[in-house]
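Trainee: Got a structure for you, target-v4.pdb, holding PDB, C-alpha atoms, pLDDT in the B column.
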```pdb
ATOM      1  CA  MET A   1      -0.160  13.708  11.794  1.00 94.00           C
ATOM      2  CA  PHE A   2       1.650  11.029   9.823  1.00 96.00           C
ATOM      3  CA  ALA A   3       1.632   9.606   6.312  1.00 97.00           C
ATOM      4  CA  VAL A   4       1.780   6.035   5.039  1.00 98.00           C
ATOM      5  CA  LEU A   5       3.385   5.204   1.696  1.00 98.00           C
ATOM      6  CA  LEU A   6       2.073   2.244  -0.287  1.00 98.00           C
ATOM      7  CA  TYR A   7       4.527   0.418  -2.537  1.00 98.00           C
ATOM      8  CA  HIS A   8       4.040  -2.894  -4.339  1.00 96.00           C
ATOM      9  CA  GLY A   9       7.214  -4.121  -6.018  1.00 95.00           C
ATOM     10  CA  ILE A  10      10.730  -3.029  -6.983  1.00 96.00           C
ATOM     11  CA  GLU A  11      12.528  -4.076 -10.151  1.00 94.00           C
ATOM     12  CA  ASP A  12      16.234  -4.264 -10.854  1.00 90.00           C
ATOM     13  CA  GLY A  13      16.179  -5.208 -14.545  1.00 83.00           C
ATOM     14  CA  ALA A  14      15.654  -8.946 -14.068  1.00 80.00           C
ATOM     15  CA  PRO A  15      12.303 -10.332 -15.295  1.00 73.00           C
ATOM     16  CA  SER A  16       9.788 -11.048 -12.536  1.00 80.00           C
ATOM     17  CA  ALA A  17       8.251 -14.494 -12.197  1.00 82.00           C
ATOM     18  CA  ARG A  18       5.054 -12.783 -11.058  1.00 83.00           C
ATOM     19  CA  PRO A  19       2.377 -12.304 -13.741  1.00 81.00           C
ATOM     20  CA  MET A  20       1.757  -8.576 -14.249  1.00 81.00           C
ATOM     21  CA  ASP A  21      -0.402  -6.499 -16.569  1.00 82.00           C
ATOM     22  CA  ASP A  22       0.056  -2.824 -17.452  1.00 83.00           C
ATOM     23  CA  VAL A  23      -1.843  -1.702 -14.364  1.00 81.00           C
ATOM     24  CA  ASP A  24       0.382  -3.808 -12.096  1.00 83.00           C
ATOM     25  CA  ARG A  25       3.524  -2.395 -13.714  1.00 87.00           C
ATOM     26  CA  GLU A  26       2.418   1.162 -12.992  1.00 90.00           C
ATOM     27  CA  TYR A  27       2.994   0.400  -9.301  1.00 91.00           C
ATOM     28  CA  VAL A  28       6.463  -1.158  -9.716  1.00 94.00           C
ATOM     29  CA  LEU A  29       9.393   1.204  -9.199  1.00 96.00           C
ATOM     30  CA  ASP A  30      12.879   0.670 -10.564  1.00 96.00           C
ATOM     31  CA  ARG A  31      15.559   0.156  -7.955  1.00 97.00           C
ATOM     32  CA  PRO A  32      17.359   3.539  -8.314  1.00 97.00           C
ATOM     33  CA  ARG A  33      14.074   5.430  -7.980  1.00 97.00           C
ATOM     34  CA  PHE A  34      13.031   3.470  -4.896  1.00 98.00           C
ATOM     35  CA  GLU A  35      16.459   3.932  -3.330  1.00 98.00           C
ATOM     36  CA  SER A  36      16.214   7.683  -3.914  1.00 98.00           C
ATOM     37  CA  HIS A  37      12.848   7.653  -2.101  1.00 98.00           C
ATOM     38  CA  ILE A  38      14.276   5.840   0.909  1.00 98.00           C
ATOM     39  CA  ALA A  39      17.418   7.999   0.993  1.00 98.00           C
ATOM     40  CA  TYR A  40      15.192  11.080   1.157  1.00 98.00           C
ATOM     41  CA  LEU A  41      13.011   9.605   3.919  1.00 98.00           C
ATOM     42  CA  ALA A  42      16.087   8.736   5.976  1.00 98.00           C
ATOM     43  CA  ALA A  43      17.481  12.273   5.692  1.00 97.00           C
ATOM     44  CA  LYS A  44      14.325  14.425   5.602  1.00 97.00           C
ATOM     45  CA  PRO A  45      14.111  17.393   7.999  1.00 97.00           C
ATOM     46  CA  ALA A  46      13.192  16.622  11.594  1.00 95.00           C
ATOM     47  CA  THR A  47      10.159  18.895  11.249  1.00 96.00           C
ATOM     48  CA  ALA A  48       8.820  16.967   8.243  1.00 97.00           C
ATOM     49  CA  THR A  49       5.763  14.719   8.433  1.00 97.00           C
ATOM     50  CA  PRO A  50       6.587  11.235   9.808  1.00 97.00           C
ATOM     51  CA  VAL A  51       6.190   8.435   7.276  1.00 98.00           C
ATOM     52  CA  VAL A  52       5.456   4.702   7.472  1.00 98.00           C
ATOM     53  CA  VAL A  53       6.675   2.652   4.503  1.00 98.00           C
ATOM     54  CA  SER A  54       4.270  -0.145   3.555  1.00 98.00           C
ATOM     55  CA  PHE A  55       4.108  -2.764   0.798  1.00 98.00           C
ATOM     56  CA  ASP A  56       1.119  -4.718  -0.499  1.00 98.00           C
ATOM     57  CA  ASP A  57       0.915  -8.206  -2.047  1.00 96.00           C
ATOM     58  CA  GLY A  58       4.113  -9.917  -0.805  1.00 97.00           C
ATOM     59  CA  ASP A  59       6.204  -9.502  -3.960  1.00 97.00           C
ATOM     60  CA  LEU A  60       9.547 -11.313  -3.824  1.00 97.00           C
ATOM     61  CA  SER A  61      11.364  -8.015  -4.377  1.00 97.00           C
ATOM     62  CA  CYS A  62      10.222  -6.918  -0.922  1.00 98.00           C
ATOM     63  CA  HIS A  63      12.684  -9.402   0.569  1.00 98.00           C
ATOM     64  CA  THR A  64      15.439  -9.293  -2.034  1.00 97.00           C
ATOM     65  CA  ILE A  65      15.537  -5.546  -2.809  1.00 97.00           C
ATOM     66  CA  ALA A  66      13.290  -3.359  -0.645  1.00 98.00           C
ATOM     67  CA  ALA A  67      14.164  -4.671   2.824  1.00 98.00           C
ATOM     68  CA  PRO A  68      17.967  -4.435   2.340  1.00 98.00           C
ATOM     69  CA  ILE A  69      17.612  -0.847   1.043  1.00 98.00           C
ATOM     70  CA  LEU A  70      15.432   0.119   3.996  1.00 98.00           C
ATOM     71  CA  GLU A  71      17.872  -1.445   6.438  1.00 98.00           C
ATOM     72  CA  ARG A  72      20.868   0.286   4.841  1.00 98.00           C
ATOM     73  CA  HIS A  73      19.171   3.595   5.617  1.00 98.00           C
ATOM     74  CA  GLY A  74      18.152   2.587   9.137  1.00 98.00           C
ATOM     75  CA  LEU A  75      14.467   2.113   8.315  1.00 98.00           C
ATOM     76  CA  ARG A  76      12.001  -0.768   8.503  1.00 98.00           C
ATOM     77  CA  GLY A  77       8.893  -1.582   6.486  1.00 98.00           C
ATOM     78  CA  THR A  78       5.401  -2.972   6.972  1.00 98.00           C
ATOM     79  CA  PHE A  79       4.634  -5.801   4.544  1.00 98.00           C
ATOM     80  CA  PHE A  80       1.060  -6.899   3.809  1.00 98.00           C
ATOM     81  CA  VAL A  81       0.886 -10.328   2.168  1.00 98.00           C
ATOM     82  CA  VAL A  82      -1.770 -12.388   0.412  1.00 98.00           C
ATOM     83  CA  THR A  83      -1.535 -15.727   2.173  1.00 98.00           C
ATOM     84  CA  ASN A  84      -2.555 -17.902  -0.799  1.00 98.00           C
ATOM     85  CA  TRP A  85       0.279 -16.327  -2.785  1.00 97.00           C
ATOM     86  CA  ILE A  86       2.984 -17.204  -0.258  1.00 98.00           C
ATOM     87  CA  GLY A  87       5.634 -19.316  -2.009  1.00 97.00           C
ATOM     88  CA  GLN A  88       4.147 -18.816  -5.465  1.00 96.00           C
ATOM     89  CA  PRO A  89       6.460 -17.713  -8.309  1.00 96.00           C
ATOM     90  CA  GLY A  90       7.409 -14.066  -7.814  1.00 95.00           C
ATOM     91  CA  PHE A  91       6.220 -13.912  -4.203  1.00 97.00           C
ATOM     92  CA  MET A  92       7.921 -14.350  -0.827  1.00 98.00           C
ATOM     93  CA  ASN A  93       7.867 -17.738   0.870  1.00 98.00           C
ATOM     94  CA  ALA A  94       7.256 -18.490   4.554  1.00 98.00           C
ATOM     95  CA  ASP A  95      10.952 -18.513   5.472  1.00 98.00           C
ATOM     96  CA  GLN A  96      11.441 -15.092   3.904  1.00 98.00           C
ATOM     97  CA  LEU A  97       8.471 -13.685   5.811  1.00 98.00           C
ATOM     98  CA  ARG A  98       9.852 -15.016   9.082  1.00 98.00           C
ATOM     99  CA  ASP A  99      13.244 -13.561   8.163  1.00 98.00           C
ATOM    100  CA  LEU A 100      11.707 -10.101   7.684  1.00 98.00           C
ATOM    101  CA  VAL A 101      10.198 -10.265  11.167  1.00 98.00           C
ATOM    102  CA  ARG A 102      13.538 -11.354  12.660  1.00 98.00           C
ATOM    103  CA  ARG A 103      15.174  -8.328  11.023  1.00 98.00           C
ATOM    104  CA  GLY A 104      12.738  -5.889  12.621  1.00 98.00           C
ATOM    105  CA  HIS A 105      10.149  -5.462   9.876  1.00 98.00           C
ATOM    106  CA  SER A 106       6.466  -6.211  10.409  1.00 98.00           C
ATOM    107  CA  VAL A 107       4.324  -8.585   8.356  1.00 98.00           C
ATOM    108  CA  HIS A 108       0.527  -8.367   8.256  1.00 98.00           C
ATOM    109  CA  SER A 109      -2.455  -9.506   6.198  1.00 98.00           C
ATOM    110  CA  HIS A 110      -3.670  -8.522   2.742  1.00 98.00           C
ATOM    111  CA  SER A 111      -6.388 -11.237   2.569  1.00 98.00           C
ATOM    112  CA  ARG A 112      -6.195 -14.866   1.458  1.00 98.00           C
ATOM    113  CA  SER A 113      -6.775 -14.507  -2.293  1.00 97.00           C
ATOM    114  CA  HIS A 114      -6.977 -10.754  -3.069  1.00 97.00           C
ATOM    115  CA  PRO A 115     -10.674 -10.665  -4.085  1.00 97.00           C
ATOM    116  CA  ARG A 116     -12.910  -7.626  -4.389  1.00 97.00           C
ATOM    117  CA  LEU A 117     -14.285  -8.015  -0.874  1.00 98.00           C
ATOM    118  CA  PRO A 118     -17.596  -6.093  -1.248  1.00 97.00           C
ATOM    119  CA  SER A 119     -18.663  -8.586  -3.926  1.00 97.00           C
ATOM    120  CA  LEU A 120     -18.538 -11.476  -1.430  1.00 97.00           C
ATOM    121  CA  ALA A 121     -21.056 -12.829   1.052  1.00 98.00           C
ATOM    122  CA  VAL A 122     -20.349 -12.057   4.712  1.00 97.00           C
ATOM    123  CA  ALA A 123     -19.094 -15.589   5.448  1.00 98.00           C
ATOM    124  CA  ASP A 124     -16.638 -15.349   2.562  1.00 98.00           C
ATOM    125  CA  ILE A 125     -15.449 -11.921   3.679  1.00 98.00           C
ATOM    126  CA  ASP A 126     -14.733 -13.416   7.108  1.00 98.00           C
ATOM    127  CA  GLY A 127     -12.834 -16.238   5.444  1.00 98.00           C
ATOM    128  CA  GLU A 128     -10.592 -13.750   3.667  1.00 98.00           C
ATOM    129  CA  VAL A 129     -10.148 -11.313   6.543  1.00 98.00           C
ATOM    130  CA  LEU A 130      -9.977 -13.617   9.577  1.00 98.00           C
ATOM    131  CA  GLY A 131      -8.698 -16.640   7.654  1.00 97.00           C
ATOM    132  CA  SER A 132      -5.645 -14.792   6.358  1.00 98.00           C
ATOM    133  CA  LYS A 133      -4.878 -13.581   9.879  1.00 98.00           C
ATOM    134  CA  THR A 134      -5.043 -17.127  11.203  1.00 98.00           C
ATOM    135  CA  ASP A 135      -2.879 -18.435   8.350  1.00 97.00           C
ATOM    136  CA  LEU A 136      -0.235 -15.776   8.833  1.00 98.00           C
ATOM    137  CA  GLU A 137      -0.065 -16.061  12.624  1.00 98.00           C
ATOM    138  CA  ALA A 138       0.567 -19.802  12.230  1.00 98.00           C
ATOM    139  CA  ILE A 139       3.476 -19.059   9.870  1.00 98.00           C
ATOM    140  CA  LEU A 140       5.013 -16.207  11.850  1.00 98.00           C
ATOM    141  CA  ASP A 141       4.223 -17.350  15.399  1.00 96.00           C
ATOM    142  CA  CYS A 142       3.377 -13.752  16.319  1.00 96.00           C
ATOM    143  CA  ALA A 143       0.327 -11.511  16.354  1.00 97.00           C
ATOM    144  CA  VAL A 144      -0.995 -10.110  13.064  1.00 98.00           C
ATOM    145  CA  THR A 145      -2.763  -6.881  13.999  1.00 98.00           C
ATOM    146  CA  GLN A 146      -3.125  -4.951  10.740  1.00 98.00           C
ATOM    147  CA  PHE A 147      -5.062  -5.546   7.533  1.00 98.00           C
ATOM    148  CA  SER A 148      -4.622  -3.986   4.095  1.00 98.00           C
ATOM    149  CA  ILE A 149      -7.746  -4.000   1.929  1.00 98.00           C
ATOM    150  CA  PRO A 150      -7.129  -5.730  -1.433  1.00 96.00           C
ATOM    151  CA  GLY A 151      -7.749  -3.433  -4.359  1.00 93.00           C
ATOM    152  CA  GLY A 152      -8.855  -0.681  -1.983  1.00 93.00           C
ATOM    153  CA  ALA A 153     -12.524  -1.752  -2.251  1.00 95.00           C
ATOM    154  CA  TYR A 154     -14.529  -2.011   0.968  1.00 97.00           C
ATOM    155  CA  ASP A 155     -17.926  -1.461   2.542  1.00 97.00           C
ATOM    156  CA  ASP A 156     -19.278  -1.559   6.102  1.00 97.00           C
ATOM    157  CA  ARG A 157     -19.336  -5.375   6.076  1.00 97.00           C
ATOM    158  CA  VAL A 158     -15.603  -5.485   5.348  1.00 98.00           C
ATOM    159  CA  ILE A 159     -14.796  -3.088   8.168  1.00 97.00           C
ATOM    160  CA  ASP A 160     -17.060  -5.048  10.543  1.00 97.00           C
ATOM    161  CA  ALA A 161     -15.242  -8.258   9.569  1.00 98.00           C
ATOM    162  CA  ALA A 162     -11.888  -6.647  10.341  1.00 98.00           C
ATOM    163  CA  ARG A 163     -13.116  -5.563  13.755  1.00 97.00           C
ATOM    164  CA  ARG A 164     -14.475  -9.046  14.488  1.00 97.00           C
ATOM    165  CA  ALA A 165     -11.148 -10.547  13.482  1.00 98.00           C
ATOM    166  CA  GLY A 166      -9.372  -8.426  16.076  1.00 97.00           C
ATOM    167  CA  TYR A 167      -7.322  -6.153  13.847  1.00 98.00           C
ATOM    168  CA  GLN A 168      -6.116  -2.906  15.382  1.00 96.00           C
ATOM    169  CA  ALA A 169      -5.900  -0.993  12.099  1.00 97.00           C
ATOM    170  CA  VAL A 170      -7.099  -1.319   8.514  1.00 98.00           C
ATOM    171  CA  PHE A 171      -5.106   0.263   5.689  1.00 98.00           C
ATOM    172  CA  THR A 172      -6.967   1.596   2.664  1.00 96.00           C
ATOM    173  CA  SER A 173      -5.926   2.980  -0.718  1.00 94.00           C
ATOM    174  CA  VAL A 174      -7.633   6.294   0.020  1.00 94.00           C
ATOM    175  CA  GLU A 175      -5.150   9.115  -0.398  1.00 95.00           C
ATOM    176  CA  GLY A 176      -4.476  11.320   2.604  1.00 96.00           C
ATOM    177  CA  TYR A 177      -2.805  11.843   5.964  1.00 96.00           C
ATOM    178  CA  ASN A 178      -3.604  10.214   9.302  1.00 96.00           C
ATOM    179  CA  ASP A 179      -4.150  11.780  12.713  1.00 93.00           C
ATOM    180  CA  ALA A 180      -1.412  10.635  15.088  1.00 86.00           C
ATOM    181  CA  THR A 181      -3.332  11.873  18.130  1.00 82.00           C
ATOM    182  CA  ALA A 182      -6.429   9.741  17.555  1.00 77.00           C
ATOM    183  CA  GLU A 183      -7.101   6.011  17.507  1.00 77.00           C
ATOM    184  CA  THR A 184      -7.970   5.830  13.829  1.00 88.00           C
ATOM    185  CA  PHE A 185      -9.049   2.361  12.693  1.00 94.00           C
ATOM    186  CA  LEU A 186      -8.985   3.207   8.979  1.00 96.00           C
ATOM    187  CA  ARG A 187      -5.623   4.453   7.711  1.00 96.00           C
ATOM    188  CA  ARG A 188      -5.080   6.385   4.495  1.00 97.00           C
ATOM    189  CA  ARG A 189      -2.047   5.999   2.257  1.00 97.00           C
ATOM    190  CA  PHE A 190      -0.183   7.743  -0.548  1.00 97.00           C
ATOM    191  CA  THR A 191       0.802   5.490  -3.456  1.00 97.00           C
ATOM    192  CA  PRO A 192       4.005   6.234  -5.390  1.00 97.00           C
ATOM    193  CA  ARG A 193       3.872   5.083  -9.015  1.00 96.00           C
ATOM    194  CA  ALA A 194       6.627   3.987 -11.369  1.00 95.00           C
ATOM    195  CA  TYR A 195       7.113   7.641 -12.406  1.00 95.00           C
ATOM    196  CA  SER A 196       6.964   9.222  -8.905  1.00 96.00           C
ATOM    197  CA  ASP A 197      10.150  11.064  -8.004  1.00 96.00           C
ATOM    198  CA  VAL A 198      11.533  12.470  -4.765  1.00 97.00           C
ATOM    199  CA  ASP A 199       9.661  15.734  -5.323  1.00 96.00           C
ATOM    200  CA  MET A 200       6.435  13.868  -4.577  1.00 95.00           C
ATOM    201  CA  LEU A 201       7.801  12.731  -1.208  1.00 97.00           C
ATOM    202  CA  ARG A 202       9.234  16.162  -0.470  1.00 97.00           C
ATOM    203  CA  ALA A 203       5.831  17.753  -1.070  1.00 96.00           C
ATOM    204  CA  LEU A 204       4.140  15.109   1.070  1.00 96.00           C
ATOM    205  CA  CYS A 205       6.579  15.466   3.976  1.00 97.00           C
ATOM    206  CA  GLU A 206       7.523  19.152   3.899  1.00 97.00           C
ATOM    207  CA  HIS A 207       4.430  20.845   2.454  1.00 95.00           C
ATOM    208  CA  PRO A 208       1.425  18.963   3.876  1.00 95.00           C
ATOM    209  CA  ALA A 209      -1.005  21.894   3.549  1.00 94.00           C
ATOM    210  CA  ARG A 210      -0.248  22.129  -0.151  1.00 93.00           C
ATOM    211  CA  MET A 211      -0.571  18.356  -0.545  1.00 93.00           C
ATOM    212  CA  LYS A 212      -3.904  18.311   1.310  1.00 93.00           C
ATOM    213  CA  ALA A 213      -5.255  20.960  -1.053  1.00 93.00           C
ATOM    214  CA  ARG A 214      -4.087  18.970  -4.049  1.00 90.00           C
ATOM    215  CA  VAL A 215      -5.724  15.775  -2.745  1.00 90.00           C
ATOM    216  CA  ALA A 216      -8.976  17.650  -2.054  1.00 90.00           C
ATOM    217  CA  ALA A 217      -9.004  19.100  -5.567  1.00 88.00           C
ATOM    218  CA  LYS A 218      -8.436  15.683  -7.094  1.00 82.00           C
ATOM    219  CA  ARG A 219     -11.237  14.141  -5.012  1.00 78.00           C
ATOM    220  CA  ALA A 220     -13.609  16.909  -6.084  1.00 81.00           C
ATOM    221  CA  LEU A 221     -12.843  16.377  -9.752  1.00 76.00           C
ATOM    222  CA  ILE A 222     -13.169  12.611  -9.494  1.00 66.00           C
ATOM    223  CA  GLY A 223     -16.406  12.930  -7.511  1.00 66.00           C
ATOM    224  CA  GLY A 224     -17.827  15.267 -10.106  1.00 59.00           C
ATOM    225  CA  ALA A 225     -16.824  12.887 -12.871  1.00 49.00           C
ATOM    226  CA  ARG A 226     -18.609  10.037 -11.069  1.00 48.00           C
ATOM    227  CA  THR A 227     -21.820  12.068 -10.774  1.00 51.00           C
ATOM    228  CA  VAL A 228     -21.869  13.375 -14.331  1.00 53.00           C
ATOM    229  CA  ALA A 229     -20.375  10.538 -16.325  1.00 48.00           C
ATOM    230  CA  GLY A 230     -22.146   7.411 -15.129  1.00 52.00           C
ATOM    231  CA  ARG A 231     -20.709   4.578 -17.162  1.00 55.00           C
ATOM    232  CA  ARG A 232     -17.968   6.814 -18.537  1.00 53.00           C
ATOM    233  CA  TYR A 233     -16.660   7.451 -15.010  1.00 43.00           C
ATOM    234  CA  ASP A 234     -13.654   5.108 -15.209  1.00 51.00           C
ATOM    235  CA  ARG A 235     -12.432   6.781 -18.389  1.00 54.00           C
ATOM    236  CA  LEU A 236     -12.811  10.271 -16.922  1.00 46.00           C
ATOM    237  CA  ARG A 237     -11.200   9.231 -13.648  1.00 47.00           C
ATOM    238  CA  ALA A 238      -8.159   7.960 -15.545  1.00 55.00           C
ATOM    239  CA  TYR A 239      -7.974  11.315 -17.341  1.00 49.00           C
ATOM    240  CA  VAL A 240      -8.149  13.276 -14.064  1.00 44.00           C
ATOM    241  CA  VAL A 241      -5.470  11.140 -12.409  1.00 47.00           C
ATOM    242  CA  SER A 242      -3.273  11.523 -15.498  1.00 51.00           C
ATOM    243  CA  ALA A 243      -3.722  15.291 -15.401  1.00 50.00           C
ATOM    244  CA  PHE A 244      -2.615  15.474 -11.764  1.00 47.00           C
ATOM    245  CA  ARG A 245       0.302  13.174 -12.600  1.00 47.00           C
ATOM    246  CA  ARG A 246       1.636  15.801 -15.012  1.00 46.00           C
ATOM    247  CA  ARG A 247       1.394  18.689 -12.533  1.00 49.00           C
TER     248      ARG A 247
END
```
Would you mind writing the structure in this file as structure tokens?
Mentor:
Amino acid sequence: MFAVLLYHGIEDGAPSARPMDDVDREYVLDRPRFESHIAYLAAKPATATPVVVSFDDGDLSCHTIAAPILERHGLRGTFFVVTNWIGQPGFMNADQLRDLVRRGHSVHSHSRSHPRLPSLAVADIDGEVLGSKTDLEAILDCAVTQFSIPGGAYDDRVIDAARRAGYQAVFTSVEGYNDATAETFLRRRFTPRAYSDVDMLRALCEHPARMKARVAAKRALIGGARTVAGRRYDRLRAYVVSAFRRR
């Protein structure tokens, strides 16, 4: 069994050139908090759950802040980038992506334009899923074998497109652990927020049974809210997530 962490961006007090709303900011950690996460992962007990550190979007801070912190602790990251955002203000450029690969990190696809993929026609899904792979392989001159679903939204057509494109694994935003003994195409991830402290990682790595029970309880509550609430589901889901945040 192993876990995958999903980060987005790291801030160090300087304003980001990347446009962000309140939802985006919830997924941006300050530098000291992120460094405390990585310090824990580098020193966690040998019996703890193995962890992969991943990043979505291609935020510039991945190159300027996250990668150096990972390297200082002897770790490497997996960076999923939106190819149409490469070189845009607040995002990594092609040289920085190639530099990450040279330094031992891996760079993979997060689509071309970060759309909600299930809302697209099949041909357009292929353009996002296969097209971003082609774009990125031309930039990196190496194989791109993993895909991170933008916004976490997918259906069977999206998964079929990823298989056709030749990806070996697809990373979702579904919370949970992964089976290290099986060839699992869909990978689950845990997403630290701006307020997540080391206790969250300690629970994830050292108390997986407790964490699994917590995830199952949250899914049950959210599923019940979806069934009962109809159009009010999003509001109730936000309440449930907030309640678990405070626990």
Trainee: Specify as a ChimeraX atom specification each residue included when the PyMOL selection byres ((chain A and resi 139) around 12) is applied to this file.
Mentor: /A:81,83,86,93-99,101,107-109,132-138,140-144
Trainee: For Tyr167 (chain A), which of A:Ala220, A:Val53, A:Leu130, A:Ala203 is the closest residue, counting all atoms listed in the file?
Mentor: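 Between A:Ala220, A:Val53, A:Leu130, A:Ala203, the residue approaching Tyr167 (chain A) most closely is A:Leu130.
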Trainee: Report as a list of chain:residue names the residues that result from applying the PyMOL selection byres ((chain A and resi 148) around 9) to the structure here.
Mentor: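 The output of the PyMOL selection byres ((chain A and resi 148) around 9) on this file is A:Asp56, A:Phe80, A:Val81, A:His108, A:Ser109, A:His110, A:Ser111, A:Gln146, A:Phe147, A:Ile149, A:Pro150, A:Gly152, A:Ala169, A:Val170, A:Phe171, A:Thr172, A:Ser173.
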Trainee: Using the chain letters and numbers from the file, which residues does the PyMOL selection byres ((chain A and resi 176) around 9) grab, as a PyMOL selection string?
Mentor: chain A and resi 3-4+174-175+177-178+187-190+211-212+215
Trainee: For CA of Arg31 (chain A) and CA of His73 (chain A), determine how far apart the two atoms are, in Å to one decimal place.
Mentor: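 So the answer is 14.5 Å.
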Trainee: Give the answer as one residue: which of A:Ser196, A:Ser119, A:Thr145, A:Thr191 has the shortest atom-to-atom distance to Tyr7 (chain A), using all atoms listed in the file?
Mentor: A:Thr191
Trainee: Can you measure CA of Met92 (chain A) to CA of Ala43 (chain A) for me? One decimal in Å is fine.
Mentor: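 CA of Ala43 (chain A) lies at a distance of 29.0 Å from CA of Met92 (chain A).
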Trainee: Build an axis-aligned box that encloses every atom of region 53-61 of chain A listed in the file, pad it by 4 Å on each side, and report its centre and edge lengths in Å to one decimal, as JSON.
Mentor:
```
{"center_x": 6.1, "center_y": -4.3, "center_z": 0.1, "size_x": 18.4, "size_y": 22.0, "size_z": 16.9}
```
Trainee: Measuring atom to atom with all atoms listed in the file, identify which of A:Leu117, A:Ile159, A:Val82, A:Ala67 is nearest to Arg102 (chain A).
Mentor: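 Checking each candidate against Arg102 (chain A), we get A:Ala67 as the closest.
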Trainee: Using all atoms listed in the file, which of A:Thr181, A:Ser106, A:Gln88, A:Thr78 sits nearest Asp59 (chain A)?
Mentor: A:Gln88
Trainee: Excluding Ala121 (chain A) and any residue of its chain fewer than 4 positions from it, enumerate the residues within 12 Å of it, using only C-alpha atoms, and give them as a PyMOL selection string.
Mentor: chain A and resi 115-117+125-128+155+157-158+161
Trainee: Find the residue from A:Leu221, A:Ile69, A:Ala213, A:Leu186 that sits nearest to Arg33 (chain A); use all atoms listed in the file when measuring.
Mentor: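 Comparing A:Leu221, A:Ile69, A:Ala213, A:Leu186 against Arg33 (chain A), the winner is A:Ile69.
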Trainee: Which residues come within 9 Å of Ser61 (chain A), counting all atoms listed in the file, excluding same-chain residues fewer than 2 positions away, as a PyMOL selection string?
Mentor: chain A and resi 8-12+16+58-59+63-67+90-92
Trainee: Work out how far CA of Leu120 (chain A) is from CA of Ala153 (chain A), in Å to one decimal.
Mentor: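 Between these atoms lies a distance of 11.5 Å.
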Trainee: Using all atoms listed in the file, can you tell me which of A:Thr49, A:Ala165, A:Arg219, A:Asp30 comes closest to Pro15 (chain A)?
Mentor: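 Checking each of A:Thr49, A:Ala165, A:Arg219, A:Asp30 against Pro15 (chain A), counting all atoms listed in the file, the winner is A:Asp30.
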Trainee: How close does each residue of region 164-214 of chain A get to region 19-27 of chain A, giving the shortest atom pair and distance in Å to one decimal for every residue with an atom at most 8 Å away, counting only C-alpha atoms, sorted by chain and residue number, as a Markdown table?
Mentor:
```
| residue | atom | partner | partner_atom | distance |
| --- | --- | --- | --- | --- |
| A:Pro192 | CA | A:Tyr27 | CA | 7.1 |
| A:Arg193 | CA | A:Tyr27 | CA | 4.8 |
| A:Ala194 | CA | A:Glu26 | CA | 5.3 |
```
Trainee: Taking 5 positions as the minimum chain separation for residues in the same chain, which residues sit within 9 Å of Ala42 (chain A) when counting only C-alpha atoms? Answer as a ChimeraX atom specification.
Mentor: /A:37,70,73-75
